[in-house]
Amino acid sequence: MALALTHVGAASGRQATYQRLEFLGDRVLGLCVSAMLYQAFPEADEGQLSRRLADLVRRETCAEVALAWDVEPYIRLGTGEKGIAALKQAILGDICESIIGAVFLDGGYEATADLVRRGFEERMRKPGRPLRDPKTMLQEWAQARALPAPVYRELARSGPDHAPEFTVAVDVAGHAPQEAKGPSKRFAEQGAAAAFIKRENITPPS
């Protein structure tokens, strides 16, 4: 389990980090959550199930689950990663998946499905955010107003290769750009879309 808690910044090489377990755990988590959703929502169509799946396996949700598991004190980080809030959430999300990967290797599918159920079922029943990610919600909002699709621009990248920080702006016709930072382009794009939605007081469809 120590391997599942070791960030690349604290390791001598990539083989001694959680990255391979994260890769495996990401796929196993998707399978476990998909099966859980299939059983829990027999009337939901494919689109509804897909939106729920995306909400549950997103990095932010995985980070919340990792915090609930109280793994933060045991994560092995390099000095450059400590105290960076955005990176902390990204690492917690990765750690959640790496733990799932480790449990799958050690205990098999049934043990992993039980772990995922205990970590994600309450969030499945009571999602804490709209069942659309910010980029999808912003795109649907723009389309409803006959606007071109939002455009995302990478403005800057800083930091070392193992802990980069991206600055991204989203452009929507007729509106001022909105910037956000994140430890990946995807994370920064989602942050820019979320900040635009908040700034413009956009509400999800009922």
# chains A, B, ... in the order shown; residues from 1 in each chain; ligands from 1
>>> select_by_dssp(residues="region 84-185 of chain A", states="helix (DSSP H, G or I)", output="mmCIF file with C-alpha atoms, in the first residue's frame")
data_model
loop_
_atom_site.group_PDB
_atom_site.id
_atom_site.type_symbol
_atom_site.label_atom_id
_atom_site.label_comp_id
_atom_site.auth_asym_id
_atom_site.auth_seq_id
_atom_site.Cartn_x
_atom_site.Cartn_y
_atom_site.Cartn_z
ATOM 1 C CA ALA A 85 -3.937 23.703 -2.865
ATOM 2 C CA ALA A 86 -4.840 22.909 -6.488
ATOM 3 C CA LEU A 87 -2.139 20.257 -6.714
ATOM 4 C CA LYS A 88 -3.279 18.791 -3.395
ATOM 5 C CA GLN A 89 -6.733 18.079 -4.825
ATOM 6 C CA ALA A 90 -5.235 16.540 -7.958
ATOM 7 C CA ILE A 91 -2.959 14.283 -5.918
ATOM 8 C CA LEU A 92 -5.803 13.219 -3.616
ATOM 9 C CA GLY A 93 -7.859 12.259 -6.673
ATOM 10 C CA ASP A 94 -4.953 10.223 -8.023
ATOM 11 C CA ILE A 95 -4.403 8.568 -4.635
ATOM 12 C CA CYS A 96 -8.041 7.488 -4.455
ATOM 13 C CA GLU A 97 -7.636 5.687 -7.786
ATOM 14 C CA SER A 98 -4.270 4.183 -6.852
ATOM 15 C CA ILE A 99 -5.732 2.740 -3.639
ATOM 16 C CA ILE A 100 -8.567 1.218 -5.640
ATOM 17 C CA GLY A 101 -5.994 -0.295 -7.999
ATOM 18 C CA ALA A 102 -4.016 -1.721 -5.070
ATOM 19 C CA VAL A 103 -7.120 -3.253 -3.474
ATOM 20 C CA PHE A 104 -8.067 -4.796 -6.816
ATOM 21 C CA LEU A 105 -4.664 -6.457 -7.124
ATOM 22 C CA ASP A 106 -4.660 -7.678 -3.535
ATOM 23 C CA GLY A 107 -8.326 -8.573 -3.003
ATOM 24 C CA GLY A 108 -9.966 -8.914 -6.414
ATOM 25 C CA TYR A 109 -13.112 -7.394 -7.862
ATOM 26 C CA GLU A 110 -15.550 -8.129 -5.010
ATOM 27 C CA ALA A 111 -13.368 -6.468 -2.375
ATOM 28 C CA THR A 112 -12.842 -3.494 -4.666
ATOM 29 C CA ALA A 113 -16.546 -3.166 -5.482
ATOM 30 C CA ASP A 114 -17.290 -3.134 -1.744
ATOM 31 C CA LEU A 115 -14.684 -0.415 -1.169
ATOM 32 C CA VAL A 116 -16.099 1.678 -4.010
ATOM 33 C CA ARG A 117 -19.656 1.189 -2.779
ATOM 34 C CA ARG A 118 -18.747 2.384 0.716
ATOM 35 C CA GLY A 119 -16.867 5.375 -0.678
ATOM 36 C CA PHE A 120 -19.184 6.451 -3.486
ATOM 37 C CA GLU A 121 -22.728 5.189 -2.827
ATOM 38 C CA GLU A 122 -23.861 8.128 -0.697
ATOM 39 C CA ARG A 123 -22.515 10.539 -3.294
ATOM 40 C CA MET A 124 -24.323 8.553 -5.976
ATOM 41 C CA ARG A 125 -27.630 8.888 -4.126
ATOM 42 C CA PRO A 134 -18.768 22.921 -16.051
ATOM 43 C CA LYS A 135 -17.496 22.667 -19.634
ATOM 44 C CA THR A 136 -20.591 20.762 -20.772
ATOM 45 C CA MET A 137 -22.903 23.103 -18.900
ATOM 46 C CA LEU A 138 -21.232 26.176 -20.411
ATOM 47 C CA GLN A 139 -21.361 24.716 -23.910
ATOM 48 C CA GLU A 140 -25.076 23.913 -23.554
ATOM 49 C CA TRP A 141 -25.698 27.436 -22.238
ATOM 50 C CA ALA A 142 -23.900 28.961 -25.242
ATOM 51 C CA GLN A 143 -25.739 26.719 -27.719
ATOM 52 C CA ALA A 144 -29.099 27.672 -26.194
ATOM 53 C CA LYS A 185 -5.046 21.574 -18.904
#
>>> select_by_dssp(residues="region 9-185 of chain A", states="strand (DSSP E or B)", output="list in words")
Arg76, Val151, Tyr152, Arg153, Glu154, Leu155, Ala156, Arg157, Ser158, Glu165, Phe166, Thr167, Val168, Ala169, Val170, Asp171, Gln178, Glu179, Ala180, Lys181 and Gly182 of chain A
>>> atom_distance(atom1="CA of Pro150 (chain A)", atom2="CA of Thr203 (chain A)")
16.9 Å
>>> closest_residue(among="A:Ile197, A:Ala146, A:Gly25, A:His162", to="Glu179 (chain A)", atoms="only C-alpha atoms")
A:Ile197
>>> closest_residue(among="A:Ser158, A:Gln178, A:Gln48, A:Gln39", to="Ala192 (chain A)", atoms="only C-alpha atoms")
A:Gln178
>>> atom_distance(atom1="CA of Pro73 (chain A)", atom2="CA of Ala163 (chain A)")
19.6 Å
>>> atom_distance(atom1="CA of Phe41 (chain A)", atom2="CA of Glu64 (chain A)")
23.0 Å
>>> closest_residue(among="A:Asn201, A:Arg153, A:Ala16, A:Val57", to="Val28 (chain A)", atoms="only C-alpha atoms")
A:Val57
>>> decode(residues="region 137-174 of chain A", atoms="C-alpha atoms", output="mmCIF file, in the first residue's frame")
data_model
loop_
_atom_site.group_PDB
_atom_site.id
_atom_site.type_symbol
_atom_site.label_atom_id
_atom_site.label_comp_id
_atom_site.auth_asym_id
_atom_site.auth_seq_id
_atom_site.Cartn_x
_atom_site.Cartn_y
_atom_site.Cartn_z
ATOM 1 C CA MET A 137 -22.903 23.103 -18.900
ATOM 2 C CA LEU A 138 -21.232 26.176 -20.411
ATOM 3 C CA GLN A 139 -21.361 24.716 -23.910
ATOM 4 C CA GLU A 140 -25.076 23.913 -23.554
ATOM 5 C CA TRP A 141 -25.698 27.436 -22.238
ATOM 6 C CA ALA A 142 -23.900 28.961 -25.242
ATOM 7 C CA GLN A 143 -25.739 26.719 -27.719
ATOM 8 C CA ALA A 144 -29.099 27.672 -26.194
ATOM 9 C CA ARG A 145 -28.256 31.302 -27.024
ATOM 10 C CA ALA A 146 -27.054 30.536 -30.558
ATOM 11 C CA LEU A 147 -23.486 31.433 -29.581
ATOM 12 C CA PRO A 148 -20.387 29.686 -30.936
ATOM 13 C CA ALA A 149 -18.930 26.967 -28.736
ATOM 14 C CA PRO A 150 -16.638 28.274 -25.972
ATOM 15 C CA VAL A 151 -12.950 28.329 -26.898
ATOM 16 C CA TYR A 152 -10.232 27.405 -24.398
ATOM 17 C CA ARG A 153 -6.754 28.908 -24.688
ATOM 18 C CA GLU A 154 -3.639 27.851 -22.806
ATOM 19 C CA LEU A 155 -2.039 31.080 -21.604
ATOM 20 C CA ALA A 156 0.889 29.760 -19.602
ATOM 21 C CA ARG A 157 2.554 26.704 -18.137
ATOM 22 C CA SER A 158 4.915 26.859 -15.184
ATOM 23 C CA GLY A 159 6.490 24.566 -12.613
ATOM 24 C CA PRO A 160 8.516 21.359 -12.978
ATOM 25 C CA ASP A 161 7.430 18.496 -15.230
ATOM 26 C CA HIS A 162 6.158 16.408 -12.309
ATOM 27 C CA ALA A 163 4.110 19.312 -10.870
ATOM 28 C CA PRO A 164 3.090 21.693 -13.675
ATOM 29 C CA GLU A 165 0.585 24.510 -13.355
ATOM 30 C CA PHE A 166 -1.480 25.560 -16.365
ATOM 31 C CA THR A 167 -3.265 28.867 -16.889
ATOM 32 C CA VAL A 168 -6.224 28.639 -19.278
ATOM 33 C CA ALA A 169 -8.763 31.187 -20.484
ATOM 34 C CA VAL A 170 -12.229 30.476 -21.840
ATOM 35 C CA ASP A 171 -13.666 32.793 -24.499
ATOM 36 C CA VAL A 172 -17.416 33.092 -25.053
ATOM 37 C CA ALA A 173 -18.690 35.462 -27.740
ATOM 38 C CA GLY A 174 -19.933 38.745 -26.282
#
